[in-house]
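Just input_13.txt here, compact mmCIF, C-alpha atoms and all ligand atoms:
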# COMPACT_ATOMS: atom_id res chain seq x y z
CA MET A 1 66.18 137.18 8.68
CA SER A 2 65.06 133.74 9.82
CA GLN A 3 64.78 130.28 8.31
CA GLN A 4 61.10 130.89 7.61
CA SER A 5 60.00 131.82 4.10
CA TRP A 6 59.13 135.44 3.42
CA ASN A 7 56.68 137.10 1.05
CA THR A 8 58.77 140.23 0.51
CA ALA A 9 56.05 142.13 -1.39
CA LEU A 10 53.63 141.79 1.54
CA TYR A 11 56.45 142.44 3.99
CA GLU A 12 57.26 145.77 2.33
CA GLU A 13 53.63 146.70 1.72
CA GLN A 14 52.12 145.99 5.14
CA HIS A 15 54.98 145.91 7.64
CA ALA A 16 57.12 148.95 6.84
CA PHE A 17 57.10 149.79 10.56
CA VAL A 18 59.85 147.16 10.98
CA TRP A 19 62.46 149.43 9.43
CA GLN A 20 60.70 152.73 10.17
CA TYR A 21 61.06 152.14 13.92
CA GLY A 22 64.59 150.85 13.30
CA GLU A 23 65.68 154.27 12.04
CA SER A 24 66.10 155.54 15.58
CA LEU A 25 68.54 152.67 16.22
CA LEU A 26 70.81 154.23 13.59
CA LYS A 27 71.46 157.09 16.03
CA LEU A 28 73.00 154.56 18.42
CA LEU A 29 75.10 153.14 15.59
CA ALA A 30 76.28 156.62 14.50
CA PRO A 31 77.95 155.32 11.32
CA LYS A 32 80.85 157.34 9.91
CA ALA A 33 82.26 157.71 6.42
CA GLY A 34 84.83 155.02 5.68
CA GLU A 35 83.71 152.61 8.41
CA ARG A 36 83.17 148.96 7.55
CA ILE A 37 79.76 147.80 8.79
CA VAL A 38 77.61 144.71 8.38
CA ASP A 39 73.81 144.94 8.67
CA LEU A 40 72.93 141.51 10.06
CA GLY A 41 69.44 140.43 8.97
CA CYS A 42 69.01 143.31 6.54
CA GLY A 43 65.66 142.13 5.15
CA THR A 44 64.76 144.18 2.09
CA GLY A 45 67.62 146.64 2.70
CA GLN A 46 66.00 149.91 3.82
CA LEU A 47 68.22 150.43 6.87
CA THR A 48 71.32 149.19 5.02
CA ALA A 49 70.69 152.01 2.54
CA LYS A 50 70.41 154.53 5.39
CA ILE A 51 73.75 153.33 6.78
CA ALA A 52 75.28 153.71 3.31
CA GLU A 53 74.16 157.37 3.24
CA SER A 54 76.74 158.05 5.97
CA GLY A 55 79.56 157.09 3.59
CA ALA A 56 80.28 153.86 5.47
CA PHE A 57 81.09 150.70 3.47
CA VAL A 58 78.13 148.56 4.39
CA GLN A 59 77.14 145.04 3.47
CA GLY A 60 73.65 143.70 4.19
CA ILE A 61 73.39 140.00 4.97
CA ASP A 62 70.29 137.88 5.44
CA SER A 63 69.61 134.15 5.49
CA SER A 64 66.58 134.58 3.20
CA LEU A 65 67.29 134.49 -0.53
CA ALA A 66 63.95 136.20 -1.17
CA MET A 67 64.89 139.12 1.12
CA ILE A 68 68.33 139.49 -0.47
CA SER A 69 66.94 139.37 -4.03
CA THR A 70 64.50 142.17 -3.17
CA ALA A 71 67.20 144.17 -1.36
CA LYS A 72 69.46 143.92 -4.41
CA SER A 73 66.74 145.13 -6.74
CA ASN A 74 65.78 147.95 -4.33
CA TYR A 75 69.37 149.23 -3.98
CA ILE A 76 71.56 148.22 -6.89
CA ASP A 77 74.68 150.03 -5.60
CA ILE A 78 74.74 148.31 -2.21
CA ASN A 79 76.45 145.04 -1.43
CA PHE A 80 74.05 142.33 -0.20
CA ALA A 81 74.68 138.63 0.36
CA VAL A 82 72.84 135.58 1.63
CA ALA A 83 74.51 134.56 4.91
CA ASP A 84 73.51 132.96 8.19
CA GLY A 85 73.87 135.09 11.33
CA ARG A 86 75.17 132.01 13.18
CA ASN A 87 77.92 131.39 10.69
CA PHE A 88 79.11 134.38 8.70
CA HIS A 89 82.64 135.56 7.96
CA VAL A 90 84.14 138.80 6.75
CA GLU A 91 87.33 139.39 4.76
CA GLU A 92 88.47 142.37 6.85
CA PRO A 93 87.56 143.18 10.46
CA LEU A 94 84.56 145.45 10.91
CA ASP A 95 84.02 148.69 12.80
CA ALA A 96 80.45 147.71 13.61
CA VAL A 97 77.74 145.10 13.29
CA PHE A 98 74.19 146.47 13.22
CA SER A 99 71.04 144.37 13.58
CA ASN A 100 67.39 145.42 13.68
CA ALA A 101 64.42 143.14 14.41
CA VAL A 102 66.07 139.85 13.54
CA LEU A 103 67.90 138.30 16.49
CA HIS A 104 64.62 137.08 18.02
CA TRP A 105 64.38 134.67 15.08
CA ILE A 106 67.63 132.91 15.97
CA LYS A 107 67.43 130.53 18.89
CA GLU A 108 71.22 130.08 19.08
CA PRO A 109 72.31 133.50 20.41
CA ASP A 110 75.76 132.21 21.42
CA ALA A 111 76.53 131.27 17.82
CA VAL A 112 75.50 134.73 16.60
CA ILE A 113 77.47 136.59 19.26
CA ASN A 114 80.50 134.40 18.57
CA CYS A 115 80.38 135.30 14.86
CA VAL A 116 79.86 138.99 15.59
CA GLU A 117 82.80 139.01 17.99
CA LYS A 118 85.07 137.35 15.43
CA ALA A 119 83.99 139.78 12.70
CA LEU A 120 84.71 142.95 14.73
CA LYS A 121 87.97 144.84 15.30
CA PRO A 122 88.93 145.40 18.94
CA GLY A 123 86.88 148.47 19.87
CA GLY A 124 84.27 147.53 17.25
CA ARG A 125 80.65 147.91 18.25
CA PHE A 126 77.60 145.67 18.15
CA VAL A 127 74.37 147.66 18.00
CA ALA A 128 71.19 145.61 18.04
CA GLU A 129 67.46 145.82 18.64
CA PHE A 130 65.12 142.86 18.80
CA GLY A 131 62.22 141.44 20.80
CA GLY A 132 62.95 141.28 24.53
CA LYS A 133 61.46 139.28 27.39
CA GLY A 134 57.65 139.59 27.25
CA ASN A 135 57.62 140.71 23.61
CA VAL A 136 54.23 140.15 21.92
CA GLY A 137 53.26 138.47 25.20
CA ALA A 138 49.49 138.69 24.69
CA ILE A 139 49.76 137.43 21.11
CA ALA A 140 52.03 134.51 22.06
CA ARG A 141 49.77 133.53 24.97
CA ALA A 142 46.69 133.62 22.72
CA LEU A 143 48.40 131.49 20.06
CA LEU A 144 49.54 128.92 22.63
CA SER A 145 46.18 128.71 24.35
CA VAL A 146 44.25 128.39 21.07
CA LEU A 147 46.61 125.65 19.88
CA SER A 148 45.99 123.79 23.15
CA GLU A 149 42.22 124.28 22.68
CA PHE A 150 42.63 122.77 19.21
CA GLY A 151 44.24 119.71 20.78
CA LEU A 152 47.91 120.30 19.96
CA LYS A 153 50.30 118.73 22.46
CA GLU A 154 53.24 120.92 23.59
CA PRO A 155 52.47 123.93 21.38
CA GLU A 156 55.41 125.78 22.98
CA SER A 157 57.70 123.55 20.89
CA LEU A 158 56.38 125.43 17.82
CA ASN A 159 57.38 128.82 19.19
CA PRO A 160 59.96 130.21 16.73
CA TRP A 161 61.02 133.21 18.87
CA TYR A 162 63.85 134.01 21.28
CA PHE A 163 63.03 136.92 23.61
CA PRO A 164 65.73 137.22 26.31
CA SER A 165 65.85 139.54 29.31
CA ILE A 166 68.50 142.26 29.41
CA GLY A 167 70.37 140.37 32.13
CA GLU A 168 70.44 137.16 30.13
CA TYR A 169 71.60 138.82 26.91
CA ALA A 170 74.14 141.13 28.55
CA LEU A 171 75.70 138.12 30.28
CA LEU A 172 76.03 136.29 26.96
CA LEU A 173 77.75 139.34 25.48
CA GLU A 174 80.10 139.64 28.45
CA ASN A 175 80.94 135.96 28.25
CA HIS A 176 82.08 136.61 24.67
CA GLY A 177 84.36 139.48 25.68
CA PHE A 178 82.10 142.48 25.09
CA ASP A 179 81.69 145.53 27.28
CA VAL A 180 77.96 146.24 27.44
CA GLY A 181 77.68 150.02 27.69
CA TYR A 182 73.97 150.30 26.98
CA ALA A 183 71.07 147.92 27.40
CA VAL A 184 67.37 148.79 27.68
CA LEU A 185 64.06 146.95 27.58
CA PHE A 186 61.00 149.03 26.71
CA ASP A 187 57.39 148.59 25.66
CA ARG A 188 56.61 149.79 22.17
CA PRO A 189 52.94 149.16 21.33
CA THR A 190 52.93 149.05 17.54
CA PRO A 191 49.94 150.00 15.36
CA LEU A 192 49.37 147.45 12.60
CA GLU A 193 48.38 148.43 9.09
CA GLY A 194 45.28 147.05 7.39
CA GLY A 195 42.47 148.14 9.75
CA SER A 196 40.41 145.17 10.87
CA ALA A 197 42.69 142.78 8.91
CA GLY A 198 45.82 144.02 10.73
CA MET A 199 46.15 141.14 13.20
CA VAL A 200 45.44 138.39 10.66
CA ASN A 201 48.05 139.95 8.35
CA TRP A 202 50.57 140.12 11.19
CA ILE A 203 49.96 136.50 12.23
CA GLU A 204 50.24 135.30 8.62
CA MET A 205 53.51 137.19 8.14
CA PHE A 206 55.24 136.61 11.48
CA ALA A 207 53.57 133.81 13.44
CA GLY A 208 53.06 131.18 10.75
CA GLY A 209 55.49 128.86 12.54
CA PHE A 210 52.94 128.27 15.30
CA LEU A 211 50.30 127.20 12.76
CA SER A 212 52.44 125.26 10.33
CA GLY A 213 51.04 121.79 11.10
CA LEU A 214 47.38 122.78 10.63
CA SER A 215 45.23 122.21 7.55
CA PRO A 216 44.12 125.46 5.83
CA PHE A 217 40.62 125.09 7.27
CA VAL A 218 41.76 124.49 10.87
CA ARG A 219 44.40 127.19 10.52
CA SER A 220 41.84 129.78 9.53
CA GLY A 221 39.60 128.76 12.46
CA ALA A 222 42.56 129.03 14.82
CA ILE A 223 43.45 132.52 13.58
CA ASP A 224 39.83 133.65 14.04
CA ARG A 225 39.95 132.34 17.60
CA VAL A 226 43.26 134.08 18.33
CA GLU A 227 41.78 137.34 17.04
CA GLU A 228 38.76 136.87 19.31
CA CYS A 229 41.02 136.37 22.35
CA LEU A 230 43.09 139.46 21.51
CA ARG A 231 40.30 141.83 20.53
CA PRO A 232 39.59 143.26 24.03
CA ALA A 233 43.25 144.15 24.59
CA LEU A 234 44.64 144.99 21.15
CA TYR A 235 41.77 146.22 18.93
CA ARG A 236 40.52 149.77 19.21
CA ASP A 237 38.56 152.05 16.85
CA GLY A 238 38.96 149.75 13.85
CA ASN A 239 42.71 149.22 14.25
CA TRP A 240 44.92 146.57 15.76
CA SER A 241 48.16 147.04 17.63
CA ALA A 242 50.82 144.53 18.69
CA ASP A 243 52.31 144.49 22.18
CA TYR A 244 55.94 144.81 21.15
CA ARG A 245 58.64 145.03 23.78
CA ARG A 246 62.13 145.80 22.51
CA ILE A 247 65.60 145.15 23.83
CA ARG A 248 68.38 147.46 22.62
CA VAL A 249 72.06 146.89 23.26
CA VAL A 250 75.31 148.59 22.40
CA ALA A 251 78.32 146.41 23.17
CA VAL A 252 81.98 147.01 22.37
CA LYS A 253 84.53 144.29 21.67
CA LYS A 254 87.41 144.59 24.13
C1 LIG A 301 59.57 141.69 16.68
O1 LIG A 301 60.04 142.49 15.86
O2 LIG A 301 59.69 141.85 17.89
C2 LIG A 301 58.85 140.49 16.22
C3 LIG A 301 58.37 140.44 14.96
C4 LIG A 301 57.73 139.33 14.54
C5 LIG A 301 57.56 138.26 15.37
C6 LIG A 301 58.03 138.33 16.64
C7 LIG A 301 58.68 139.44 17.07
Would you put the structure from the file into structure tokens?
Amino acid sequence: MSQQSWNTALYEEQHAFVWQYGESLLKLLAPKAGERIVDLGCGTGQLTAKIAESGAFVQGIDSSLAMISTAKSNYIDINFAVADGRNFHVEEPLDAVFSNAVLHWIKEPDAVINCVEKALKPGGRFVAEFGGKGNVGAIARALLSVLSEFGLKEPESLNPWYFPSIGEYALLLENHGFDVGYAVLFDRPTPLEGGSAGMVNWIEMFAGGFLSGLSPFVRSGAIDRVEECLRPALYRDGNWSADYRRIRVVAVKK
């Protein structure tokens, strides 16, 4: 996934929704036996394994060594490798590149699309889902406003996420020679595990970049304050949800 460091045990234990929601994206991929497919940003490998069930030759790649080590121990028969989505190469052209919940971590979308285009056969497909424009909008606004309250200058510079609109991303794909046959942006409010600890867990796992410069004491005060800001909108009956908004695209290399 991204350059940030990952606690894969907590990731698998508390955030299984990441790949559980991604299963419906596999229908858009429609992998077939014998196809060559890369799962870009495979994390701990759950969706790579689902793709392998189709009989396709799949390789999972991820920039995180921790994710790849866990993926390899989860699925010993599947090929996984550490590789950067902005700079990966394949030995033989691919039928498809699949990517779930990772492209929002990479702020150089042109570099990713360039690599994907080079890796695909003509007619090969790029099937991706990630955070779209407005994704986790309430959470991001709360983080930015609390960091300002805590005296940080230009907190936006700490934002690790890239959430494009459909128009912006489709144009990038077209500029790289793809036909964009399908592109949607949709709200997907996502229940978080862990009851009253759900938002703190989510922030610790996914939004640490915003809080990286703070001492442990200030950090914990900032997270409490973010929770307080979000409670009216995202906490109900003892459970938190996150205001996810997804972009899905299917693009074919001409
Ligand atoms: C997402 O899947 O949309 C996402 C996850 C973590 C942080 C930001 C976005």
Enumerate, in order of chain and increasing residue number, the residues of chain A with an atom no farther than 7 Å from ligand LIG 301 (chain A), each with its shortest atom pair and distance in Å to one decimal, counting only C-alpha atoms and all ligand atoms, as a Markdown table.
| residue | atom | partner | partner_atom | distance |
| --- | --- | --- | --- | --- |
| A:Val18 | CA | A:LIG301 | O1 | 6.8 |
| A:Ala101 | CA | A:LIG301 | O1 | 4.7 |
| A:Val102 | CA | A:LIG301 | O1 | 7.0 |
| A:His104 | CA | A:LIG301 | C7 | 6.5 |
| A:Phe130 | CA | A:LIG301 | O2 | 5.6 |
| A:Gly131 | CA | A:LIG301 | O2 | 3.9 |
| A:Asn135 | CA | A:LIG301 | O2 | 6.2 |
| A:Val136 | CA | A:LIG301 | C7 | 6.6 |
| A:Trp161 | CA | A:LIG301 | C6 | 6.3 |
| A:Phe206 | CA | A:LIG301 | C4 | 4.8 |
| A:Ala207 | CA | A:LIG301 | C5 | 6.3 |
| A:Tyr244 | CA | A:LIG301 | O2 | 5.8 |
| A:Arg245 | CA | A:LIG301 | O2 | 6.8 |
| A:Arg246 | CA | A:LIG301 | O2 | 6.5 |
| Between CA of Leu94 in chain A and CA of Ser54 in chain A - distance in Å to one decimal | 15.6 Å
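We find CA of Gly60 in chain A and CA of Val38 in chain A to be spaced 5.9 Å apart.
For the choices A:Pro155, A:Pro31, A:Gly213, A:Gly198, the atom-to-atom distance to Asn239 in chain A is smallest for A:Gly198 when using only C-alpha atoms.
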| said: I want to know what sits within 9 Å of Glu23 in chain A, based on all atoms listed in the file, with residues of the same chain fewer than 4 positions away left out; could you give that as an MDAnalysis selection string? | reply: chainID A and resid 19 27 47 50
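Nearest to Glu149 in chain A of all the residues A:Gly208, A:Ala222, A:Val116, A:Ala197 is A:Ala222, based on all atoms listed in the file.
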| message | I'd like to know which of A:Glu35, A:Glu156, A:Asp179, A:Asp77 is closest to Gly209 in chain A, using only C-alpha atoms. | response | A:Glu156
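When CA of Glu193 in chain A is paired with CA of Tyr21 in chain A, their separation reads 14.1 Å.
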| With distances taken over all atoms listed in the file, which of A:Gly221, A:Ser215, A:Trp240, A:Asn114 is nearest to Gly194 in chain A? | A:Trp240
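Counting all atoms listed in the file, the residue from A:Ala96, A:Arg219, A:Leu234, A:Asn7 that sits nearest to Ala128 in chain A is A:Ala96.
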| request: Taking the point (77.3, 144.8, 14.6) as given in the file, collect each protein or nucleic acid residue that comes within 8 Å of it, counting only C-alpha atoms, and present the set as JSON, numbers by chain. | output: {"A": [37, 38, 39, 40, 95, 96, 97, 98, 99, 116, 120, 124, 125, 126, 127, 128]}
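Distances to Phe210 in chain A were evaluated for A:Ala81, A:Ile223, A:Leu29, A:Ala170 using only C-alpha atoms, and the minimum falls at A:Ile223.
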| field | Residues within 6 Å of (68.1, 148.9, 22.2), file coords, all atoms listed in the file, listed as a PyMOL selection string | value | chain A and resi 129+184+247-249
| Polymer residues at most 10 Å from Glu154 in chain A, only C-alpha atoms, same-chain spacing of 6 or more positions, as a ChimeraX atom specification | /A:144,147-148
Keeping N, CA, C and O atoms (and nothing else), can you write range 73-100 of chain A of this structure as a tab-separated table (two decimals), in the first residue's frame?
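Below you can see part-v6.tsv, which holds the result:
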chain	number	residue	atom	x	y	z
A	73	SER	N	2.80	-15.31	4.23
A	73	SER	CA	2.52	-16.36	5.21
A	73	SER	C	1.04	-16.73	5.21
A	73	SER	O	0.68	-17.87	5.51
A	74	ASN	N	0.15	-15.82	4.80
A	74	ASN	CA	-1.27	-16.18	4.68
A	74	ASN	C	-1.52	-17.14	3.53
A	74	ASN	O	-2.37	-18.03	3.62
A	75	TYR	N	-0.82	-16.95	2.41
A	75	TYR	CA	-1.12	-17.69	1.16
A	75	TYR	C	0.19	-18.15	0.54
A	75	TYR	O	0.74	-17.47	-0.34
A	76	ILE	N	0.65	-19.31	0.99
A	76	ILE	CA	2.02	-19.71	0.60
A	76	ILE	C	2.13	-20.05	-0.89
A	76	ILE	O	3.22	-20.02	-1.44
A	77	ASP	N	1.00	-20.36	-1.55
A	77	ASP	CA	1.09	-20.77	-2.97
A	77	ASP	C	0.97	-19.58	-3.92
A	77	ASP	O	0.97	-19.76	-5.13
A	78	ILE	N	0.79	-18.39	-3.39
A	78	ILE	CA	0.58	-17.23	-4.28
A	78	ILE	C	1.85	-16.40	-4.33
A	78	ILE	O	2.61	-16.31	-3.37
A	79	ASN	N	2.06	-15.81	-5.51
A	79	ASN	CA	3.27	-15.02	-5.75
A	79	ASN	C	3.05	-13.57	-5.28
A	79	ASN	O	2.16	-12.88	-5.78
A	80	PHE	N	3.84	-13.15	-4.31
A	80	PHE	CA	3.77	-11.77	-3.81
A	80	PHE	C	5.15	-11.14	-3.89
A	80	PHE	O	6.16	-11.83	-3.72
A	81	ALA	N	5.20	-9.84	-4.13
A	81	ALA	CA	6.51	-9.16	-4.17
A	81	ALA	C	6.35	-7.72	-3.69
A	81	ALA	O	5.30	-7.09	-3.89
A	82	VAL	N	7.42	-7.22	-3.08
A	82	VAL	CA	7.45	-5.80	-2.71
A	82	VAL	C	7.72	-5.01	-3.98
A	82	VAL	O	8.69	-5.27	-4.69
A	83	ALA	N	6.85	-4.08	-4.31
A	83	ALA	CA	7.07	-3.22	-5.49
A	83	ALA	C	6.26	-1.95	-5.31
A	83	ALA	O	5.22	-1.93	-4.64
A	84	ASP	N	6.75	-0.89	-5.93
A	84	ASP	CA	6.14	0.43	-5.82
A	84	ASP	C	5.18	0.64	-7.00
A	84	ASP	O	5.59	0.44	-8.16
A	85	GLY	N	3.95	1.04	-6.70
A	85	GLY	CA	2.96	1.24	-7.76
A	85	GLY	C	3.37	2.29	-8.78
A	85	GLY	O	2.85	2.33	-9.89
A	86	ARG	N	4.32	3.15	-8.43
A	86	ARG	CA	4.76	4.21	-9.35
A	86	ARG	C	5.88	3.73	-10.26
A	86	ARG	O	6.32	4.45	-11.15
A	87	ASN	N	6.37	2.50	-9.97
A	87	ASN	CA	7.59	2.09	-10.66
A	87	ASN	C	7.71	0.57	-10.62
A	87	ASN	O	8.66	0.05	-10.08
A	88	PHE	N	6.71	-0.13	-11.20
A	88	PHE	CA	6.83	-1.58	-11.22
A	88	PHE	C	6.89	-2.06	-12.67
A	88	PHE	O	6.46	-1.37	-13.59
A	89	HIS	N	7.45	-3.25	-12.85
A	89	HIS	CA	7.63	-3.79	-14.20
A	89	HIS	C	7.21	-5.25	-14.20
A	89	HIS	O	7.33	-5.92	-13.18
A	90	VAL	N	6.73	-5.72	-15.32
A	90	VAL	CA	6.37	-7.14	-15.41
A	90	VAL	C	7.15	-7.78	-16.55
A	90	VAL	O	7.53	-7.10	-17.50
A	91	GLU	N	7.37	-9.10	-16.44
A	91	GLU	CA	8.16	-9.79	-17.47
A	91	GLU	C	7.36	-9.98	-18.75
A	91	GLU	O	7.89	-9.87	-19.84
A	92	GLU	N	6.05	-10.30	-18.58
A	92	GLU	CA	5.19	-10.49	-19.75
A	92	GLU	C	3.96	-9.61	-19.60
A	92	GLU	O	3.47	-9.45	-18.48
A	93	PRO	N	3.45	-9.08	-20.72
A	93	PRO	CA	2.29	-8.17	-20.60
A	93	PRO	C	1.10	-8.84	-19.92
A	93	PRO	O	0.88	-10.04	-20.05
A	94	LEU	N	0.34	-8.02	-19.22
A	94	LEU	CA	-0.77	-8.51	-18.39
A	94	LEU	C	-2.11	-8.38	-19.09
A	94	LEU	O	-2.31	-7.48	-19.91
A	95	ASP	N	-3.05	-9.25	-18.68
A	95	ASP	CA	-4.44	-9.09	-19.12
A	95	ASP	C	-5.16	-8.05	-18.27
A	95	ASP	O	-6.11	-7.42	-18.75
A	96	ALA	N	-4.73	-7.90	-17.02
A	96	ALA	CA	-5.44	-6.94	-16.16
A	96	ALA	C	-4.56	-6.50	-14.99
A	96	ALA	O	-3.71	-7.25	-14.52
A	97	VAL	N	-4.81	-5.27	-14.56
A	97	VAL	CA	-4.28	-4.78	-13.28
A	97	VAL	C	-5.50	-4.45	-12.43
A	97	VAL	O	-6.43	-3.77	-12.88
A	98	PHE	N	-5.48	-4.97	-11.20
A	98	PHE	CA	-6.57	-4.78	-10.24
A	98	PHE	C	-6.02	-3.99	-9.06
A	98	PHE	O	-4.88	-4.20	-8.66
A	99	SER	N	-6.82	-3.09	-8.50
A	99	SER	CA	-6.33	-2.35	-7.34
A	99	SER	C	-7.50	-1.94	-6.44
A	99	SER	O	-8.42	-1.26	-6.90
A	100	ASN	N	-7.45	-2.36	-5.19
A	100	ASN	CA	-8.51	-1.99	-4.25
A	100	ASN	C	-7.95	-1.20	-3.07
A	100	ASN	O	-7.01	-1.66	-2.39
